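Participant: So here's my_file.cif (mmCIF, C-alpha atoms and all ligand atoms).
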```
data_run
#
loop_
_atom_site.label_atom_id
_atom_site.label_comp_id
_atom_site.auth_asym_id
_atom_site.auth_seq_id
_atom_site.Cartn_x
_atom_site.Cartn_y
_atom_site.Cartn_z
CA MET A 1 5.72 12.67 17.96
CA ARG A 2 8.86 14.74 17.53
CA PHE A 3 8.38 15.13 13.78
CA ARG A 4 5.73 16.47 11.48
CA THR A 5 7.50 16.40 8.15
CA LEU A 6 9.59 13.93 6.21
CA GLN A 7 12.51 16.33 6.30
CA GLN A 8 12.37 16.50 10.10
CA LEU A 9 12.16 12.72 10.22
CA ALA A 10 15.30 12.32 8.11
CA GLU A 11 17.16 15.05 10.00
CA ILE A 12 16.41 13.66 13.47
CA CYS A 13 17.30 10.10 12.45
CA THR A 14 20.55 11.26 10.87
CA ALA A 15 21.48 13.39 13.89
CA GLU A 16 20.69 10.59 16.33
CA ASN A 17 22.23 7.93 14.12
CA LYS A 18 19.07 5.84 14.07
CA SER A 19 17.08 4.22 11.34
CA ILE A 20 13.58 5.60 10.77
CA GLY A 21 12.23 2.29 12.09
CA GLU A 22 14.21 2.47 15.35
CA PHE A 23 13.22 6.07 15.88
CA MET A 24 9.54 5.40 15.19
CA LEU A 25 9.47 2.44 17.57
CA GLU A 26 10.80 4.65 20.37
CA GLU A 27 8.42 7.48 19.52
CA GLN A 28 5.45 5.15 19.42
CA ALA A 29 6.35 3.67 22.80
CA ARG A 30 6.75 7.14 24.27
CA GLU A 31 3.35 8.23 22.91
CA SER A 32 1.47 5.12 24.01
CA GLY A 33 3.16 4.70 27.38
CA ARG A 34 3.89 1.07 26.51
CA SER A 35 7.36 -0.44 26.35
CA THR A 36 9.25 -0.77 23.08
CA ASP A 37 8.96 -4.55 23.56
CA GLN A 38 5.20 -4.34 23.72
CA GLU A 39 5.04 -2.09 20.66
CA PHE A 40 7.37 -4.41 18.80
CA ARG A 41 5.29 -7.48 19.66
CA LYS A 42 2.12 -5.79 18.48
CA MET A 43 3.74 -4.94 15.16
CA ALA A 44 5.15 -8.46 14.89
CA ASP A 45 1.59 -9.78 15.22
CA TYR A 46 0.52 -7.51 12.38
CA TYR A 47 3.32 -8.86 10.24
CA GLN A 48 2.14 -12.41 10.88
CA VAL A 49 -1.34 -11.47 9.67
CA MET A 50 0.21 -10.00 6.53
CA LYS A 51 2.15 -13.18 5.83
CA GLU A 52 -0.92 -15.31 6.43
CA ALA A 53 -2.92 -13.16 4.02
CA VAL A 54 -0.28 -13.59 1.31
CA HIS A 55 -0.39 -17.36 1.81
CA LYS A 56 -4.17 -17.53 1.91
CA GLY A 57 -4.59 -15.61 -1.32
CA LEU A 58 -2.16 -17.91 -3.08
CA THR A 59 -3.67 -21.14 -1.86
CA GLU A 60 -7.41 -20.62 -1.27
CA ASP A 61 -10.39 -19.51 -3.31
CA THR A 62 -10.48 -15.72 -3.16
CA THR A 63 -13.55 -15.24 -5.31
CA SER A 64 -15.26 -12.23 -3.81
CA ARG A 65 -18.85 -12.24 -2.64
CA SER A 66 -19.83 -10.19 -5.68
CA GLY A 67 -18.07 -12.69 -7.92
CA LEU A 68 -16.36 -9.82 -9.74
CA THR A 69 -12.82 -10.62 -8.65
CA GLY A 70 -10.58 -13.35 -7.26
CA LEU A 71 -7.75 -15.74 -8.05
CA ASP A 72 -5.67 -13.26 -10.07
CA ALA A 73 -2.74 -13.68 -7.68
CA GLN A 74 -2.78 -17.39 -8.43
CA ARG A 75 -2.98 -16.66 -12.17
CA VAL A 76 0.14 -14.51 -11.92
CA MET A 77 1.98 -17.18 -9.92
CA SER A 78 1.21 -19.89 -12.43
CA TYR A 79 2.15 -17.55 -15.30
CA MET A 80 5.49 -17.04 -13.55
CA SER A 81 6.14 -20.73 -13.33
CA GLY A 82 5.85 -21.11 -17.10
CA SER A 83 7.28 -17.86 -18.49
CA VAL A 84 9.79 -15.14 -17.84
CA PRO A 85 7.78 -12.16 -16.62
CA ALA A 86 8.33 -8.88 -18.45
CA VAL A 87 8.98 -7.05 -15.16
CA GLY A 88 11.36 -9.74 -13.91
CA GLU A 89 10.68 -12.48 -11.43
CA GLU A 90 11.15 -10.52 -8.21
CA ALA A 91 8.87 -7.63 -9.15
CA CYS A 92 6.35 -10.10 -10.50
CA ARG A 93 6.34 -11.99 -7.21
CA ALA A 94 5.82 -8.76 -5.24
CA MET A 95 2.94 -7.97 -7.60
CA ALA A 96 1.38 -11.41 -7.12
CA PHE A 97 1.65 -11.16 -3.33
CA ALA A 98 0.06 -7.71 -3.36
CA LEU A 99 -2.80 -9.02 -5.49
CA SER A 100 -3.12 -11.93 -3.11
CA VAL A 101 -3.63 -9.80 0.01
CA SER A 102 -5.96 -7.47 -1.82
CA GLU A 103 -8.07 -10.40 -2.96
CA VAL A 104 -8.18 -11.73 0.58
CA ASN A 105 -9.56 -8.35 1.60
CA ALA A 106 -12.18 -8.42 -1.16
CA SER A 107 -13.23 -11.91 -0.10
CA MET A 108 -13.69 -10.79 3.52
CA GLY A 109 -10.47 -12.33 4.84
CA ARG A 110 -8.21 -10.91 7.52
CA ILE A 111 -5.77 -8.19 6.50
CA ILE A 112 -3.96 -5.25 8.06
CA ALA A 113 -4.94 -1.82 6.76
CA THR A 114 -1.70 -0.29 5.47
CA PRO A 115 -2.77 2.48 5.58
CA THR A 116 -6.29 1.41 4.51
CA ALA A 117 -8.01 -1.83 3.55
CA GLY A 118 -8.14 -0.68 -0.09
CA SER A 119 -4.35 -0.45 -0.22
CA CYS A 120 -3.63 -3.39 2.08
CA GLY A 121 -1.69 -5.43 -0.50
CA ILE A 122 1.21 -3.15 -1.30
CA ILE A 123 3.29 -3.32 1.88
CA PRO A 124 2.87 -7.09 2.38
CA GLY A 125 3.56 -7.63 -1.33
CA VAL A 126 6.84 -5.77 -1.11
CA PHE A 127 7.84 -7.03 2.34
CA VAL A 128 7.00 -10.71 2.12
CA SER A 129 8.52 -11.11 -1.35
CA ALA A 130 11.67 -9.28 -0.23
CA GLN A 131 11.91 -11.48 2.83
CA GLN A 132 11.83 -14.60 0.65
CA ARG A 133 14.34 -13.13 -1.75
CA PHE A 134 16.89 -11.81 0.74
CA GLY A 135 16.36 -14.30 3.57
CA TRP A 136 15.68 -11.58 6.15
CA ASP A 137 14.30 -12.55 9.54
CA ASP A 138 10.93 -11.34 10.76
CA GLN A 139 12.55 -8.91 13.17
CA ARG A 140 14.02 -6.93 10.30
CA LEU A 141 10.70 -6.76 8.49
CA VAL A 142 8.90 -5.66 11.65
CA MET A 143 11.36 -2.77 11.98
CA GLY A 144 10.57 -2.00 8.35
CA LEU A 145 6.91 -1.71 9.31
CA PHE A 146 7.85 0.97 11.84
CA SER A 147 9.64 2.87 9.03
CA ALA A 148 6.54 2.57 6.88
CA GLY A 149 4.44 3.72 9.83
CA ALA A 150 6.52 6.87 10.32
CA ILE A 151 6.11 7.78 6.66
CA GLY A 152 2.36 7.09 6.82
CA TYR A 153 2.11 9.24 9.94
CA VAL A 154 3.58 12.24 8.10
CA ILE A 155 1.36 11.76 5.06
CA ALA A 156 -1.77 11.32 7.18
CA ASN A 157 -1.04 14.46 9.17
CA ASN A 158 -0.24 16.66 6.19
CA SER A 159 -2.49 15.22 3.51
CA PHE A 160 -4.91 12.27 3.22
CA VAL A 161 -4.69 8.50 3.35
CA SER A 162 -8.22 7.64 2.29
CA GLY A 163 -9.82 7.54 -1.12
CA ALA A 164 -12.98 9.20 0.18
CA GLU A 165 -10.95 12.25 1.16
CA GLY A 166 -8.23 12.51 -1.43
CA GLY A 167 -8.77 9.94 -4.18
CA CYS A 168 -6.73 6.82 -4.83
CA GLN A 169 -3.50 8.86 -4.80
CA ALA A 170 -4.10 9.15 -1.05
CA GLU A 171 -4.74 5.47 -0.50
CA VAL A 172 -2.69 3.47 -2.99
CA GLY A 173 -0.23 6.38 -3.42
CA SER A 174 0.45 6.58 0.32
CA ALA A 175 0.96 2.84 0.57
CA ILE A 176 3.48 2.97 -2.29
CA GLY A 177 5.32 5.82 -0.58
CA MET A 178 5.38 3.94 2.72
CA ALA A 179 6.57 0.70 1.12
CA SER A 180 9.25 2.39 -0.97
CA GLY A 181 10.75 4.36 1.94
CA ALA A 182 10.75 1.29 4.15
CA MET A 183 12.31 -0.80 1.40
CA VAL A 184 15.17 1.68 1.07
CA GLU A 185 15.84 1.32 4.77
CA LEU A 186 15.57 -2.46 4.66
CA ARG A 187 18.21 -2.49 1.93
CA GLY A 188 20.56 -0.39 4.02
CA GLY A 189 19.81 3.06 2.57
CA SER A 190 19.96 6.21 4.66
CA PRO A 191 16.94 8.03 6.13
CA ALA A 192 17.47 10.80 3.56
CA GLN A 193 17.34 8.25 0.73
CA ALA A 194 14.22 6.70 2.22
CA VAL A 195 12.55 10.10 2.23
CA HIS A 196 13.56 10.71 -1.39
CA ALA A 197 11.94 7.39 -2.31
CA VAL A 198 8.67 8.60 -0.80
CA GLY A 199 8.69 11.74 -2.95
CA LEU A 200 9.65 9.82 -6.07
CA ALA A 201 6.86 7.32 -5.48
CA LEU A 202 4.15 9.83 -4.64
CA LYS A 203 4.87 11.89 -7.73
CA ASN A 204 3.92 8.93 -9.83
CA THR A 205 0.43 8.62 -8.36
CA LEU A 206 -0.52 12.30 -8.03
CA GLY A 207 -4.03 12.86 -9.30
CA LEU A 208 -5.06 9.21 -9.22
CA ILE A 209 -8.83 9.11 -8.75
CA CYS A 210 -10.86 6.76 -6.57
CA ASP A 211 -13.49 5.13 -8.77
CA PRO A 212 -14.37 1.67 -7.50
CA VAL A 213 -17.03 -0.14 -9.53
CA GLY A 214 -20.20 -0.23 -7.44
CA GLY A 215 -18.30 1.18 -4.47
CA LEU A 216 -16.79 -2.27 -3.91
CA VAL A 217 -13.09 -2.36 -3.11
CA GLU A 218 -12.37 -4.68 -6.01
CA ILE A 219 -12.20 -3.03 -9.46
CA PRO A 220 -9.73 -1.33 -9.97
CA CYS A 221 -8.43 -1.54 -6.41
CA ILE A 222 -6.93 -5.02 -6.55
CA VAL A 223 -4.85 -4.47 -9.67
CA ARG A 224 -3.76 -1.07 -8.41
CA ASN A 225 -2.26 -2.88 -5.43
CA GLY A 226 -0.35 -5.13 -7.80
CA PHE A 227 1.00 -2.17 -9.73
CA GLY A 228 1.67 -0.38 -6.46
CA ALA A 229 4.08 -3.05 -5.25
CA VAL A 230 6.10 -2.80 -8.48
CA ASN A 231 6.18 1.00 -8.29
CA ALA A 232 7.38 0.86 -4.69
CA LEU A 233 10.30 -1.35 -5.70
CA ALA A 234 11.14 0.99 -8.59
CA ALA A 235 11.12 4.07 -6.33
CA ALA A 236 13.29 2.29 -3.76
CA ASP A 237 15.79 1.33 -6.45
CA MET A 238 15.95 4.87 -7.81
CA ALA A 239 16.57 6.30 -4.35
CA LEU A 240 19.19 3.67 -3.52
CA ALA A 241 20.91 4.52 -6.79
CA GLY A 242 21.16 8.13 -5.67
CA VAL A 243 18.20 9.56 -7.59
CA GLN A 244 16.64 12.36 -5.57
CA SER A 245 13.17 13.79 -5.57
CA ALA A 246 13.90 17.18 -7.18
CA ILE A 247 10.74 18.52 -5.57
CA PRO A 248 11.23 17.84 -1.86
CA SER A 249 9.05 14.99 -0.65
CA ASP A 250 7.14 17.18 1.82
CA GLU A 251 6.18 19.47 -1.05
CA VAL A 252 4.96 16.45 -3.03
CA VAL A 253 2.80 15.48 -0.03
CA GLN A 254 1.43 19.02 -0.11
CA VAL A 255 0.56 18.69 -3.80
CA MET A 256 -1.26 15.47 -3.01
CA TYR A 257 -3.32 17.40 -0.50
CA GLU A 258 -4.08 20.16 -3.00
CA ALA A 259 -4.98 17.70 -5.76
CA GLY A 260 -7.19 15.69 -3.38
CA SER A 261 -8.93 18.80 -2.10
CA ALA A 262 -9.66 19.92 -5.65
CA MET A 263 -10.91 16.51 -6.75
CA PRO A 264 -14.62 16.40 -7.57
CA ALA A 265 -16.72 14.20 -5.29
CA LYS A 266 -17.37 11.79 -8.16
CA TYR A 267 -13.71 10.76 -7.95
CA ARG A 268 -13.64 10.23 -4.22
CA GLU A 269 -15.06 6.78 -3.54
CA THR A 270 -18.63 7.67 -4.46
CA ALA A 271 -18.61 5.39 -7.52
CA LYS A 272 -20.17 8.25 -9.47
CA GLY A 273 -17.34 8.72 -11.94
CA GLY A 274 -14.33 7.17 -13.59
CA LEU A 275 -14.22 3.42 -14.11
CA ALA A 276 -17.34 2.96 -11.98
CA GLN A 277 -19.38 4.88 -14.53
CA THR A 278 -18.09 3.27 -17.70
CA PRO A 279 -20.73 1.30 -19.65
CA THR A 280 -19.14 -1.94 -18.40
CA GLY A 281 -18.82 -0.73 -14.82
CA LYS A 282 -22.51 0.23 -14.79
CA GLN A 283 -23.55 -3.04 -16.39
CA MET A 284 -21.63 -5.02 -13.78
CA MET A 285 -23.51 -3.25 -11.06
CA GLN A 286 -26.88 -3.70 -12.73
CA GLU A 287 -26.27 -7.43 -12.98
CA LEU A 288 -25.18 -7.60 -9.36
CA ASN A 289 -28.25 -5.69 -8.21
CA LEU A 290 -30.52 -7.99 -10.20
CA LYS A 291 -28.87 -11.06 -8.66
CA LYS A 292 -29.24 -9.54 -5.21
CA ARG A 293 -32.93 -8.74 -5.71
CA SER A 294 -33.75 -12.23 -6.91
CA LYS A 295 -31.86 -13.69 -3.94
CA ASP A 296 -33.74 -11.40 -1.52
CA LYS A 297 -37.08 -12.58 -2.95
CA LYS A 298 -36.29 -16.25 -2.29
S1 LIG B 301 -10.00 3.09 -6.11
FE1 LIG B 301 -10.68 3.97 -4.16
S2 LIG B 301 -11.42 2.22 -2.96
FE2 LIG B 301 -10.11 1.43 -4.60
S3 LIG B 301 -8.04 1.29 -3.72
FE3 LIG B 301 -8.19 3.28 -4.75
S4 LIG B 301 -8.85 4.64 -3.09
FE4 LIG B 301 -9.26 2.59 -2.37
#
```
Would you encode the structure as structure tokens?

Facilitator:
Amino acid sequence: MRFRTLQQLAEICTAENKSIGEFMLEEQARESGRSTDQEFRKMADYYQVMKEAVHKGLTEDTTSRSGLTGLDAQRVMSYMSGSVPAVGEEACRAMAFALSVSEVNASMGRIIATPTAGSCGIIPGVFVSAQQRFGWDDQRLVMGLFSAGAIGYVIANNSFVSGAEGGCQAEVGSAIGMASGAMVELRGGSPAQAVHAVGLALKNTLGLICDPVGGLVEIPCIVRNGFGAVNALAAADMALAGVQSAIPSDEVVQVMYEAGSAMPAKYRETAKGGLAQTPTGKQMMQELNLKKRSKDKK
């Protein structure tokens, strides 16, 4: 790839008069040795899976195997049909769609890791709801996925994208950064604005620990995806309005790396701290273990 930082990404795209998505598609084709058509088709297939996951979570039973989570996306959708959501209808829909995909993941359905399974709801939540709202065709959204991919590539190469390495800031935080930058581009913003959105978004999740109850990607992961979609929209709006990340986005990525490196192991997907070790978190796991043992005996 011809870029390693977000600044380089914005500079090259500006100099070559390309969107981040167009540039990433070309770079990916060059790296893989496949044609841009082939790369595009592969990404288009991923987008279909994302749309299917949104639909599945809104229409089928997403109760997870543990029984701890499921059907919250449907709760939010039916709440929306009877009330005016505090965050507004569009953000609420993005939130519901993100919950939906995350619940499909927790109930062993098919999702695309963006960048990981734990944070798989945020990009589809933002993209699919925006597609419905603005009437965009799939092609546009697929190009948006290439933008998101370029941003994820920089974060992954300079910091972390997994909770086990850098806490939830790395997983959910990265997905929010990817979705917000891509959303700026989808709305017609410049590469520089897209990069500012990434910094604005990441700042808001710095230090977020990874503390899944029982090590299952359910509590608090699913709701964090819902919140993540709303945050991504907020960061995109700020950047489109001209708000800049006062600390350059690459430096924010660096702080994420430092914070993740300094994070104790108990906050990095081990389920040994945080919400996983609250009295309720522990009790949930004890009950699950008891159920499992009695099932094993039968
Ligand atoms: S809490 Fe951990 S497992 Fe859950 S979404 Fe965040 S990083 Fe992933």

Participant: Env of Ile151 in chain A: 8 Å cut, atoms = only C-alpha atoms, seq-sep filter 4 positions within chain, self excluded. Answer as a list in words.

Facilitator: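 Final neighbour list, sorted by chain and number: Leu6, Ser147, Ile155, Gly177, Met178, Gly181 and Val198 of chain A.
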
Participant: Kindly export the residues of the current selection with C-alpha atoms, as a PDB file, in the coordinates of the input.

Facilitator:
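Contents of the output file result-v7.pdb:
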```
ATOM      1  CA  LEU A   6       9.590  13.930   6.210  1.00  0.00           C
ATOM      2  CA  SER A 147       9.640   2.870   9.030  1.00  0.00           C
ATOM      3  CA  ILE A 155       1.360  11.760   5.060  1.00  0.00           C
ATOM      4  CA  GLY A 177       5.320   5.820  -0.580  1.00  0.00           C
ATOM      5  CA  MET A 178       5.380   3.940   2.720  1.00  0.00           C
ATOM      6  CA  GLY A 181      10.750   4.360   1.940  1.00  0.00           C
ATOM      7  CA  VAL A 198       8.670   8.600  -0.800  1.00  0.00           C
TER       8      VAL A 198
END
```

Participant: One decimal, Å: what's the distance from CA of Lys42 in chain A over to CA of Glu11 in chain A, could you say?

Facilitator: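 CA of Lys42 in chain A sits 27.1 Å away from CA of Glu11 in chain A.
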
Participant: Step by step, measure atom-to-atom distances between ligand LIG 301 (chain B) and each residue using all atoms listed in the file, keep those at most 9 Å, then write them as a PyMOL selection string.

Facilitator: chain A and resi 116-120+161-173+208-213+215-225+267-271

Participant: Please indicate the distance in Å from CA of Ala15 in chain A to CA of Gly188 in chain A, rounded to one decimal place.

Facilitator: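 Taking CA of Ala15 in chain A and CA of Gly188 in chain A, their separation equals 17.0 Å.
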
Participant: Identify which of the residues A:Val230, A:Leu68, A:Leu25, A:Met43 lies closest to Phe97 in chain A, counting all atoms listed in the file when measuring atom-to-atom distances.

Facilitator: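 Closest to Phe97 in chain A, using all atoms listed in the file: A:Val230.
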
Participant: Applying 8 Å and all atoms listed in the file, which residues near range 98-106 of chain A remain after dropping the ones on its own chain fewer than 3 positions away? List them as an MDAnalysis selection string.

Facilitator: chainID A and resid 50 53:58 62:65 69:74 94:95 109:111 117:126 217:218 221:223 225:226 229

Participant: Interatomic distance between CA of Asp137 in chain A and CA of Tyr47 in chain A?

Facilitator: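 That distance, rounded to one decimal, is 11.6 Å.
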
Participant: Kindly reconstruct range 68-94 of chain A with N, CA and C atoms and present the result as a compact mmCIF listing (two decimals), keeping the file's coordinate frame.

Facilitator:
```txt
# COMPACT_ATOMS: atom_id res chain seq x y z
N LEU A 68 -17.05 -10.64 -8.73
CA LEU A 68 -16.36 -9.82 -9.74
C LEU A 68 -14.86 -10.08 -9.79
N THR A 69 -14.29 -10.48 -8.69
CA THR A 69 -12.82 -10.62 -8.65
C THR A 69 -12.42 -11.89 -7.88
N GLY A 70 -11.15 -12.22 -8.00
CA GLY A 70 -10.58 -13.35 -7.26
C GLY A 70 -9.63 -14.15 -8.12
N LEU A 71 -8.69 -14.78 -7.46
CA LEU A 71 -7.75 -15.74 -8.05
C LEU A 71 -6.74 -15.15 -9.04
N ASP A 72 -6.67 -13.83 -9.16
CA ASP A 72 -5.67 -13.26 -10.07
C ASP A 72 -4.25 -13.47 -9.55
N ALA A 73 -4.08 -13.44 -8.24
CA ALA A 73 -2.74 -13.68 -7.68
C ALA A 73 -2.26 -15.07 -8.11
N GLN A 74 -3.15 -16.02 -8.05
CA GLN A 74 -2.78 -17.39 -8.43
C GLN A 74 -2.50 -17.47 -9.94
N ARG A 75 -3.25 -16.69 -10.71
CA ARG A 75 -2.98 -16.66 -12.17
C ARG A 75 -1.56 -16.14 -12.42
N VAL A 76 -1.20 -15.08 -11.71
CA VAL A 76 0.14 -14.51 -11.92
C VAL A 76 1.21 -15.50 -11.49
N MET A 77 0.99 -16.20 -10.38
CA MET A 77 1.98 -17.18 -9.92
C MET A 77 2.14 -18.32 -10.93
N SER A 78 1.03 -18.78 -11.49
CA SER A 78 1.21 -19.89 -12.43
C SER A 78 1.80 -19.39 -13.75
N TYR A 79 1.50 -18.15 -14.12
CA TYR A 79 2.15 -17.55 -15.30
C TYR A 79 3.67 -17.51 -15.09
N MET A 80 4.06 -17.13 -13.86
CA MET A 80 5.49 -17.04 -13.55
C MET A 80 6.20 -18.38 -13.66
N SER A 81 5.47 -19.43 -13.32
CA SER A 81 6.14 -20.73 -13.33
C SER A 81 6.38 -21.23 -14.76
N GLY A 82 5.67 -20.64 -15.73
CA GLY A 82 5.85 -21.11 -17.10
C GLY A 82 6.52 -20.11 -18.03
N SER A 83 6.69 -18.87 -17.59
CA SER A 83 7.28 -17.86 -18.49
C SER A 83 8.19 -16.92 -17.71
N VAL A 84 8.97 -16.17 -18.48
CA VAL A 84 9.79 -15.14 -17.84
C VAL A 84 8.98 -13.85 -17.84
N PRO A 85 8.62 -13.35 -16.66
CA PRO A 85 7.78 -12.16 -16.62
C PRO A 85 8.50 -10.94 -17.18
N ALA A 86 7.75 -10.08 -17.84
CA ALA A 86 8.33 -8.88 -18.45
C ALA A 86 8.98 -7.98 -17.39
N VAL A 87 8.41 -7.94 -16.20
CA VAL A 87 8.98 -7.05 -15.16
C VAL A 87 10.08 -7.75 -14.35
N GLY A 88 10.37 -8.98 -14.68
CA GLY A 88 11.36 -9.74 -13.91
C GLY A 88 10.66 -10.50 -12.79
N GLU A 89 11.32 -11.56 -12.37
CA GLU A 89 10.68 -12.48 -11.43
C GLU A 89 10.37 -11.84 -10.08
N GLU A 90 11.32 -11.05 -9.57
CA GLU A 90 11.15 -10.52 -8.21
C GLU A 90 10.00 -9.51 -8.15
N ALA A 91 9.96 -8.62 -9.13
CA ALA A 91 8.87 -7.63 -9.15
C ALA A 91 7.54 -8.34 -9.39
N CYS A 92 7.58 -9.37 -10.20
CA CYS A 92 6.35 -10.10 -10.50
C CYS A 92 5.83 -10.80 -9.24
N ARG A 93 6.76 -11.32 -8.44
CA ARG A 93 6.34 -11.99 -7.21
C ARG A 93 5.74 -10.97 -6.22
N ALA A 94 6.36 -9.81 -6.12
CA ALA A 94 5.82 -8.76 -5.24
C ALA A 94 4.41 -8.38 -5.70
```
